[in-house]
Amino acid sequence: FREANVPSVRLDDYWNPFLDPKKVITNSISLGTFERPGSVILTGPNAGGKSTNMKSVALAIMMGQAFGVAAARNVEMTPFTYLDTHMAKTDDISQEQSSYMCEALHMKEIIENLKALPEGKFGCVFMDELFNTTNPDEASAIGRSIGKYLAHRKNTMCIISSHYKIMTNLEQETGNVFENYHVTVNKHSDGSISYPFQIEKGLTDKTVALDILQHIGMEPEIVSGARALVGRGRRR
């Protein structure tokens, strides 16, 4: 464990312990320094490993803090008083709450818990596809606003995954408190797709949503129609 004025984590060769250990691909990441917090916007194509990577980091921190062991070659981190995830979003019909309302209430609870942390205590939150329960314009606006808010909280670290390119503006908007990382995909000449499952710094413009539809045998007219619409949008 580290002693520092802000939260920080270094994970060398971590993996997800729920995957076959003979097949896992390890990654490494370092967030924050002894004086400066660090957070991540994680982007990239579908099935590239964004959520799995986030869960791997969360599990490494929780296991390391609770048991002194983790699915990683090496872990160095500040202790965390508050850990939380914001991933699976479902509605609650028993309380007459939509998926969006449930997500909004959970996010409010997370913010309140972070605000309540005593001085010198740290929080770490993992958020997957913020507010994809509402329209993209408002979802990305809410996500960026949350990111900016959390960036000003020196006791908070977070990883946010997103398909919205505009979320990557947080790196510049927060003075690099947030850093852009991505997963990627390899498209081969025979039309096949392979995934390195590696996280790298920076951005990627690769997408495979339509390729996946084609691969699973979706009606060709639907796939070609979607490709045409995407092409028109990019030419505007």
# chains A, B, ... in the order shown; residues from 1 in each chain; ligands from 1
call {"tool": "select_by_dssp", "arguments": {"residues": "segment 103-219 of chain A", "states": "strand (DSSP E)", "output": "compact mmCIF listing (two decimals) with C-alpha atoms, in the first residue's frame"}}
result
# COMPACT_ATOMS: atom_id res chain seq x y z
CA GLY A 123 -13.02 6.66 -3.35
CA CYS A 124 -12.85 4.73 -6.60
CA VAL A 125 -15.81 4.20 -8.96
CA PHE A 126 -16.23 2.16 -12.15
CA MET A 127 -18.90 3.32 -14.59
CA ASP A 128 -19.92 1.46 -17.75
CA THR A 156 -11.76 10.43 -6.22
CA MET A 157 -10.57 8.14 -8.98
CA CYS A 158 -12.81 6.62 -11.66
CA ILE A 159 -12.87 4.65 -14.88
CA ILE A 160 -15.66 5.46 -17.33
CA SER A 161 -16.26 3.37 -20.46
CA PHE A 178 -8.78 12.01 -17.21
CA GLU A 179 -6.66 10.11 -19.70
CA ASN A 180 -7.92 8.40 -22.84
CA TYR A 181 -7.38 4.67 -23.16
CA HIS A 182 -8.87 2.33 -25.73
CA ASN A 186 -8.19 -6.37 -35.98
CA LYS A 187 -10.13 -6.73 -39.24
CA ILE A 193 -12.33 -10.21 -36.76
CA SER A 194 -9.89 -10.81 -33.94
CA GLU A 200 -3.58 1.26 -24.93
CA LYS A 201 -3.32 4.98 -24.35
call {"tool": "closest_residue", "arguments": {"among": "A:Lys121, A:His188, A:Lys165, A:Lys206", "to": "Pro79 of chain A", "atoms": "only C-alpha atoms"}}
result
A:Lys121
call {"tool": "closest_residue", "arguments": {"among": "A:Lys89, A:Lys22, A:Arg10, A:Arg36", "to": "Asn74 of chain A", "atoms": "only C-alpha atoms"}}
result
A:Arg10
call {"tool": "residues_around", "arguments": {"residues": "Arg153 of chain A", "least_positions_apart": "5", "cutoff": "10 Å", "atoms": "only C-alpha atoms", "output": "list in words"}}
result
Val6, Pro37, Leu114, Lys115, Phe122, Gly123 and Lys148 of chain A
call {"tool": "select_by_dssp", "arguments": {"residues": "segment 23-236 of chain A", "states": "alpha helix (DSSP H)", "output": "CSV table (one decimal) with N, CA, C and O atoms, in the first residue's frame"}}
result
chain,number,residue,atom,x,y,z
A,50,LYS,N,-13.8,-3.7,-23.1
A,50,LYS,CA,-13.9,-2.6,-22.2
A,50,LYS,C,-14.4,-3.0,-20.8
A,50,LYS,O,-13.8,-2.7,-19.8
A,51,SER,N,-15.6,-3.6,-20.8
A,51,SER,CA,-16.2,-3.9,-19.5
A,51,SER,C,-15.4,-5.0,-18.7
A,51,SER,O,-15.2,-4.9,-17.5
A,52,THR,N,-14.8,-6.0,-19.5
A,52,THR,CA,-14.0,-7.0,-18.8
A,52,THR,C,-12.8,-6.3,-18.2
A,52,THR,O,-12.4,-6.7,-17.0
A,53,ASN,N,-12.2,-5.4,-18.9
A,53,ASN,CA,-11.0,-4.7,-18.3
A,53,ASN,C,-11.3,-3.9,-17.1
A,53,ASN,O,-10.6,-3.9,-16.1
A,54,MET,N,-12.5,-3.2,-17.1
A,54,MET,CA,-12.9,-2.4,-16.0
A,54,MET,C,-13.1,-3.3,-14.8
A,54,MET,O,-12.7,-3.0,-13.7
A,55,LYS,N,-13.8,-4.4,-15.0
A,55,LYS,CA,-14.1,-5.4,-13.9
A,55,LYS,C,-12.8,-6.0,-13.4
A,55,LYS,O,-12.7,-6.2,-12.2
A,56,SER,N,-11.8,-6.2,-14.3
A,56,SER,CA,-10.5,-6.8,-13.8
A,56,SER,C,-9.8,-5.8,-12.9
A,56,SER,O,-9.3,-6.2,-11.9
A,57,VAL,N,-9.8,-4.5,-13.2
A,57,VAL,CA,-9.2,-3.5,-12.4
A,57,VAL,C,-9.9,-3.4,-11.0
A,57,VAL,O,-9.3,-3.4,-10.0
A,58,ALA,N,-11.3,-3.4,-11.1
A,58,ALA,CA,-12.1,-3.3,-9.9
A,58,ALA,C,-11.8,-4.5,-9.0
A,58,ALA,O,-11.6,-4.4,-7.7
A,59,LEU,N,-11.8,-5.7,-9.5
A,59,LEU,CA,-11.5,-6.9,-8.8
A,59,LEU,C,-10.1,-6.9,-8.2
A,59,LEU,O,-9.9,-7.4,-7.0
A,60,ALA,N,-9.1,-6.5,-8.9
A,60,ALA,CA,-7.8,-6.4,-8.4
A,60,ALA,C,-7.7,-5.5,-7.2
A,60,ALA,O,-7.0,-5.8,-6.2
A,61,ILE,N,-8.3,-4.3,-7.3
A,61,ILE,CA,-8.3,-3.4,-6.2
A,61,ILE,C,-9.0,-4.0,-5.0
A,61,ILE,O,-8.5,-3.9,-3.8
A,62,MET,N,-10.2,-4.5,-5.2
A,62,MET,CA,-11.0,-5.1,-4.1
A,62,MET,C,-10.3,-6.3,-3.4
A,62,MET,O,-10.2,-6.4,-2.2
A,63,MET,N,-9.8,-7.2,-4.2
A,63,MET,CA,-9.1,-8.4,-3.7
A,63,MET,C,-7.8,-8.0,-3.0
A,63,MET,O,-7.5,-8.5,-1.9
A,64,GLY,N,-7.0,-7.0,-3.6
A,64,GLY,CA,-5.8,-6.6,-3.0
A,64,GLY,C,-6.0,-5.9,-1.6
A,64,GLY,O,-5.3,-6.2,-0.7
A,65,GLN,N,-7.1,-5.1,-1.6
A,65,GLN,CA,-7.4,-4.4,-0.3
A,65,GLN,C,-7.9,-5.3,0.8
A,65,GLN,O,-7.6,-5.2,1.9
A,66,ALA,N,-8.8,-6.3,0.3
A,66,ALA,CA,-9.5,-7.1,1.3
A,66,ALA,C,-8.6,-8.3,1.8
A,66,ALA,O,-8.7,-8.7,3.0
A,67,PHE,N,-7.9,-8.9,0.8
A,67,PHE,CA,-7.2,-10.1,1.1
A,67,PHE,C,-5.7,-10.1,1.0
A,67,PHE,O,-5.0,-11.0,1.4
A,99,SER,N,-35.7,2.4,-16.3
A,99,SER,CA,-34.2,2.1,-16.3
A,99,SER,C,-33.4,3.4,-16.1
A,99,SER,O,-32.5,3.5,-15.3
A,100,TYR,N,-33.9,4.5,-16.8
A,100,TYR,CA,-33.2,5.8,-16.6
A,100,TYR,C,-33.3,6.3,-15.2
A,100,TYR,O,-32.3,6.8,-14.6
A,101,MET,N,-34.5,6.2,-14.6
A,101,MET,CA,-34.7,6.7,-13.2
A,101,MET,C,-33.8,5.9,-12.2
A,101,MET,O,-33.1,6.5,-11.3
A,102,CYS,N,-33.7,4.6,-12.4
A,102,CYS,CA,-32.9,3.7,-11.5
A,102,CYS,C,-31.4,4.1,-11.7
A,102,CYS,O,-30.7,4.2,-10.7
A,103,GLU,N,-31.0,4.4,-12.9
A,103,GLU,CA,-29.6,4.8,-13.2
A,103,GLU,C,-29.3,6.1,-12.5
A,103,GLU,O,-28.3,6.4,-11.9
A,104,ALA,N,-30.3,7.1,-12.7
A,104,ALA,CA,-30.1,8.4,-12.2
A,104,ALA,C,-30.0,8.4,-10.6
A,104,ALA,O,-29.1,9.0,-10.0
A,105,LEU,N,-30.8,7.6,-10.0
A,105,LEU,CA,-30.8,7.5,-8.5
A,105,LEU,C,-29.6,6.8,-8.0
A,105,LEU,O,-29.0,7.3,-7.0
A,106,HIS,N,-29.1,5.8,-8.7
A,106,HIS,CA,-27.8,5.2,-8.3
A,106,HIS,C,-26.7,6.1,-8.5
A,106,HIS,O,-25.8,6.2,-7.6
A,107,MET,N,-26.6,6.9,-9.6
A,107,MET,CA,-25.6,7.9,-9.8
A,107,MET,C,-25.6,8.9,-8.7
A,107,MET,O,-24.6,9.4,-8.2
A,108,LYS,N,-26.8,9.4,-8.3
A,108,LYS,CA,-26.9,10.4,-7.2
A,108,LYS,C,-26.4,9.8,-5.9
A,108,LYS,O,-25.7,10.5,-5.2
A,109,GLU,N,-26.7,8.5,-5.7
A,109,GLU,CA,-26.2,7.9,-4.4
A,109,GLU,C,-24.6,7.8,-4.4
A,109,GLU,O,-24.0,8.1,-3.4
A,110,ILE,N,-24.1,7.5,-5.6
A,110,ILE,CA,-22.6,7.4,-5.7
A,110,ILE,C,-22.0,8.8,-5.4
A,110,ILE,O,-21.0,8.9,-4.6
A,111,ILE,N,-22.5,9.9,-6.0
A,111,ILE,CA,-22.0,11.2,-5.8
A,111,ILE,C,-22.1,11.6,-4.3
A,111,ILE,O,-21.2,12.2,-3.8
A,112,GLU,N,-23.2,11.3,-3.7
A,112,GLU,CA,-23.4,11.7,-2.3
A,112,GLU,C,-22.4,10.9,-1.4
A,112,GLU,O,-21.9,11.5,-0.5
A,113,ASN,N,-22.2,9.6,-1.7
A,113,ASN,CA,-21.2,8.9,-1.0
A,113,ASN,C,-19.8,9.4,-1.1
A,113,ASN,O,-19.0,9.5,-0.1
A,114,LEU,N,-19.4,9.9,-2.3
A,114,LEU,CA,-18.1,10.5,-2.5
A,114,LEU,C,-18.0,11.8,-1.8
A,114,LEU,O,-17.0,12.1,-1.2
A,115,LYS,N,-19.1,12.6,-1.8
A,115,LYS,CA,-19.0,13.8,-1.1
A,115,LYS,C,-18.9,13.6,0.4
A,115,LYS,O,-18.3,14.5,1.1
A,136,PRO,N,-28.7,9.8,-26.9
A,136,PRO,CA,-27.3,10.0,-26.9
A,136,PRO,C,-26.8,11.4,-26.6
A,136,PRO,O,-25.8,11.6,-25.9
A,137,ASP,N,-27.5,12.5,-27.0
A,137,ASP,CA,-27.1,13.8,-26.8
A,137,ASP,C,-27.1,14.1,-25.3
A,137,ASP,O,-26.1,14.7,-24.8
A,138,GLU,N,-28.2,13.8,-24.6
A,138,GLU,CA,-28.3,14.1,-23.2
A,138,GLU,C,-27.4,13.1,-22.4
A,138,GLU,O,-26.8,13.5,-21.4
A,139,ALA,N,-27.3,11.9,-22.9
A,139,ALA,CA,-26.4,10.9,-22.2
A,139,ALA,C,-25.0,11.4,-22.2
A,139,ALA,O,-24.3,11.4,-21.1
A,140,SER,N,-24.5,11.8,-23.3
A,140,SER,CA,-23.1,12.3,-23.4
A,140,SER,C,-22.9,13.6,-22.6
A,140,SER,O,-21.8,13.8,-22.0
A,141,ALA,N,-23.9,14.4,-22.6
A,141,ALA,CA,-23.8,15.7,-21.8
A,141,ALA,C,-23.7,15.4,-20.3
A,141,ALA,O,-22.9,16.0,-19.6
A,142,ILE,N,-24.6,14.5,-19.9
A,142,ILE,CA,-24.5,14.1,-18.5
A,142,ILE,C,-23.2,13.4,-18.1
A,142,ILE,O,-22.6,13.7,-17.1
A,143,GLY,N,-22.8,12.5,-19.0
A,143,GLY,CA,-21.5,11.9,-18.7
A,143,GLY,C,-20.3,12.8,-18.6
A,143,GLY,O,-19.5,12.7,-17.7
A,144,ARG,N,-20.2,13.8,-19.5
A,144,ARG,CA,-19.1,14.8,-19.5
A,144,ARG,C,-19.3,15.6,-18.2
A,144,ARG,O,-18.2,15.9,-17.6
A,145,SER,N,-20.5,16.0,-17.8
A,145,SER,CA,-20.7,16.8,-16.7
A,145,SER,C,-20.2,16.1,-15.4
A,145,SER,O,-19.6,16.6,-14.5
A,146,ILE,N,-20.6,14.8,-15.3
A,146,ILE,CA,-20.2,14.0,-14.2
A,146,ILE,C,-18.7,13.8,-14.1
A,146,ILE,O,-18.0,14.0,-13.1
A,147,GLY,N,-18.1,13.6,-15.3
A,147,GLY,CA,-16.6,13.5,-15.4
A,147,GLY,C,-15.9,14.8,-14.9
A,147,GLY,O,-15.0,14.7,-14.1
A,148,LYS,N,-16.4,15.9,-15.3
A,148,LYS,CA,-15.8,17.2,-14.9
A,148,LYS,C,-15.9,17.4,-13.4
A,148,LYS,O,-15.0,17.8,-12.7
A,149,TYR,N,-17.1,17.0,-12.9
A,149,TYR,CA,-17.4,17.1,-11.5
A,149,TYR,C,-16.4,16.3,-10.7
A,149,TYR,O,-15.8,16.7,-9.7
A,150,LEU,N,-16.2,15.0,-11.1
A,150,LEU,CA,-15.4,14.1,-10.3
A,150,LEU,C,-13.9,14.5,-10.5
A,150,LEU,O,-13.1,14.2,-9.6
A,151,ALA,N,-13.5,15.1,-11.6
A,151,ALA,CA,-12.1,15.5,-11.8
A,151,ALA,C,-11.7,16.5,-10.8
A,151,ALA,O,-10.5,16.6,-10.5
A,170,LEU,N,-12.9,14.9,-22.4
A,170,LEU,CA,-12.6,15.1,-21.0
A,170,LEU,C,-11.1,15.2,-20.7
A,170,LEU,O,-10.7,15.8,-19.7
A,171,GLU,N,-10.3,14.5,-21.5
A,171,GLU,CA,-8.9,14.5,-21.2
A,171,GLU,C,-8.4,16.0,-21.3
A,171,GLU,O,-7.7,16.5,-20.4
A,172,GLN,N,-8.8,16.7,-22.4
A,172,GLN,CA,-8.4,18.1,-22.5
A,172,GLN,C,-9.1,19.0,-21.5
A,172,GLN,O,-8.5,19.9,-20.9
A,173,GLU,N,-10.4,18.7,-21.3
A,173,GLU,CA,-11.3,19.6,-20.5
A,173,GLU,C,-10.9,19.5,-19.0
A,173,GLU,O,-11.2,20.5,-18.3
A,209,ALA,N,-19.6,-2.9,-34.9
A,209,ALA,CA,-21.0,-3.3,-34.6
A,209,ALA,C,-21.7,-3.9,-35.9
A,209,ALA,O,-22.4,-5.0,-35.7
A,210,LEU,N,-21.5,-3.3,-37.0
A,210,LEU,CA,-22.1,-3.9,-38.2
A,210,LEU,C,-21.5,-5.2,-38.7
A,210,LEU,O,-22.1,-6.1,-39.2
A,211,ASP,N,-20.2,-5.3,-38.5
A,211,ASP,CA,-19.5,-6.5,-38.8
A,211,ASP,C,-20.0,-7.7,-38.0
A,211,ASP,O,-20.1,-8.8,-38.5
A,212,ILE,N,-20.2,-7.4,-36.7
A,212,ILE,CA,-20.8,-8.4,-35.8
A,212,ILE,C,-22.1,-8.9,-36.3
A,212,ILE,O,-22.4,-10.1,-36.3
A,213,LEU,N,-23.0,-7.9,-36.7
A,213,LEU,CA,-24.3,-8.3,-37.2
A,213,LEU,C,-24.2,-9.2,-38.4
A,213,LEU,O,-24.9,-10.2,-38.6
A,214,GLN,N,-23.3,-8.9,-39.3
A,214,GLN,CA,-23.0,-9.7,-40.5
A,214,GLN,C,-22.5,-11.1,-40.1
A,214,GLN,O,-23.0,-12.1,-40.7
A,215,HIS,N,-21.6,-11.1,-39.1
A,215,HIS,CA,-21.0,-12.4,-38.7
A,215,HIS,C,-22.0,-13.3,-38.1
A,215,HIS,O,-21.9,-14.6,-38.3
A,220,PRO,N,-29.2,-9.7,-44.5
A,220,PRO,CA,-28.2,-8.9,-45.3
A,220,PRO,C,-28.8,-7.5,-45.6
A,220,PRO,O,-28.1,-6.5,-45.6
A,221,GLU,N,-30.1,-7.4,-45.9
A,221,GLU,CA,-30.7,-6.1,-46.2
A,221,GLU,C,-30.6,-5.1,-45.1
A,221,GLU,O,-30.4,-3.9,-45.3
A,222,ILE,N,-30.7,-5.7,-43.9
A,222,ILE,CA,-30.6,-4.8,-42.7
A,222,ILE,C,-29.2,-4.3,-42.5
A,222,ILE,O,-29.0,-3.1,-42.3
A,223,VAL,N,-28.2,-5.2,-42.7
A,223,VAL,CA,-26.8,-4.8,-42.5
A,223,VAL,C,-26.4,-3.8,-43.6
A,223,VAL,O,-25.8,-2.8,-43.3
A,224,SER,N,-26.7,-4.1,-44.9
A,224,SER,CA,-26.4,-3.1,-46.0
A,224,SER,C,-27.1,-1.8,-45.8
A,224,SER,O,-26.5,-0.7,-46.1
A,225,GLY,N,-28.3,-1.8,-45.4
A,225,GLY,CA,-29.0,-0.6,-45.1
A,225,GLY,C,-28.4,0.3,-44.0
A,225,GLY,O,-28.2,1.5,-44.2
A,226,ALA,N,-27.9,-0.4,-43.0
A,226,ALA,CA,-27.3,0.3,-41.9
A,226,ALA,C,-25.9,0.9,-42.3
A,226,ALA,O,-25.6,2.0,-42.0
A,227,ARG,N,-25.2,0.1,-43.1
A,227,ARG,CA,-23.9,0.6,-43.6
A,227,ARG,C,-24.1,1.8,-44.5
A,227,ARG,O,-23.3,2.8,-44.4
A,228,ALA,N,-25.2,1.8,-45.3
A,228,ALA,CA,-25.4,3.0,-46.1
A,228,ALA,C,-25.8,4.2,-45.3
A,228,ALA,O,-25.3,5.3,-45.6
A,229,LEU,N,-26.5,4.0,-44.3
A,229,LEU,CA,-26.9,5.2,-43.4
A,229,LEU,C,-25.7,5.7,-42.7
A,229,LEU,O,-25.5,6.9,-42.5
A,230,VAL,N,-24.8,4.8,-42.2
A,230,VAL,CA,-23.6,5.3,-41.5
A,230,VAL,C,-22.7,6.0,-42.5
A,230,VAL,O,-22.2,7.1,-42.1
A,231,GLY,N,-22.6,5.5,-43.7
A,231,GLY,CA,-21.8,6.2,-44.7
A,231,GLY,C,-22.3,7.6,-45.0
A,231,GLY,O,-21.6,8.6,-45.2
A,232,ARG,N,-23.7,7.8,-45.1
A,232,ARG,CA,-24.2,9.1,-45.4
A,232,ARG,C,-23.9,10.0,-44.2
A,232,ARG,O,-23.6,11.2,-44.4
A,233,GLY,N,-24.0,9.5,-43.0
A,233,GLY,CA,-23.8,10.4,-41.8
A,233,GLY,C,-22.3,10.9,-41.8
A,233,GLY,O,-22.1,12.0,-41.4
A,234,ARG,N,-21.4,10.0,-42.2
A,234,ARG,CA,-20.0,10.4,-42.2
A,234,ARG,C,-19.7,11.4,-43.3
A,234,ARG,O,-18.7,12.2,-43.2
A,235,ARG,N,-20.4,11.4,-44.4
A,235,ARG,CA,-20.2,12.4,-45.5
A,235,ARG,C,-20.7,13.7,-45.2
A,235,ARG,O,-20.4,14.7,-46.0
call {"tool": "closest_residue", "arguments": {"among": "A:Val177, A:Val185, A:Arg73, A:Asn169", "to": "Ile199 of chain A", "atoms": "only C-alpha atoms"}}
result
A:Val185
call {"tool": "atom_distance", "arguments": {"atom1": "atom CA of Glu76 of chain A", "atom2": "atom CA of Thr33 of chain A"}}
result
11.2 Å
call {"tool": "atom_distance", "arguments": {"atom1": "atom CA of Gly68 of chain A", "atom2": "atom CA of Pro118 of chain A"}}
result
24.0 Å
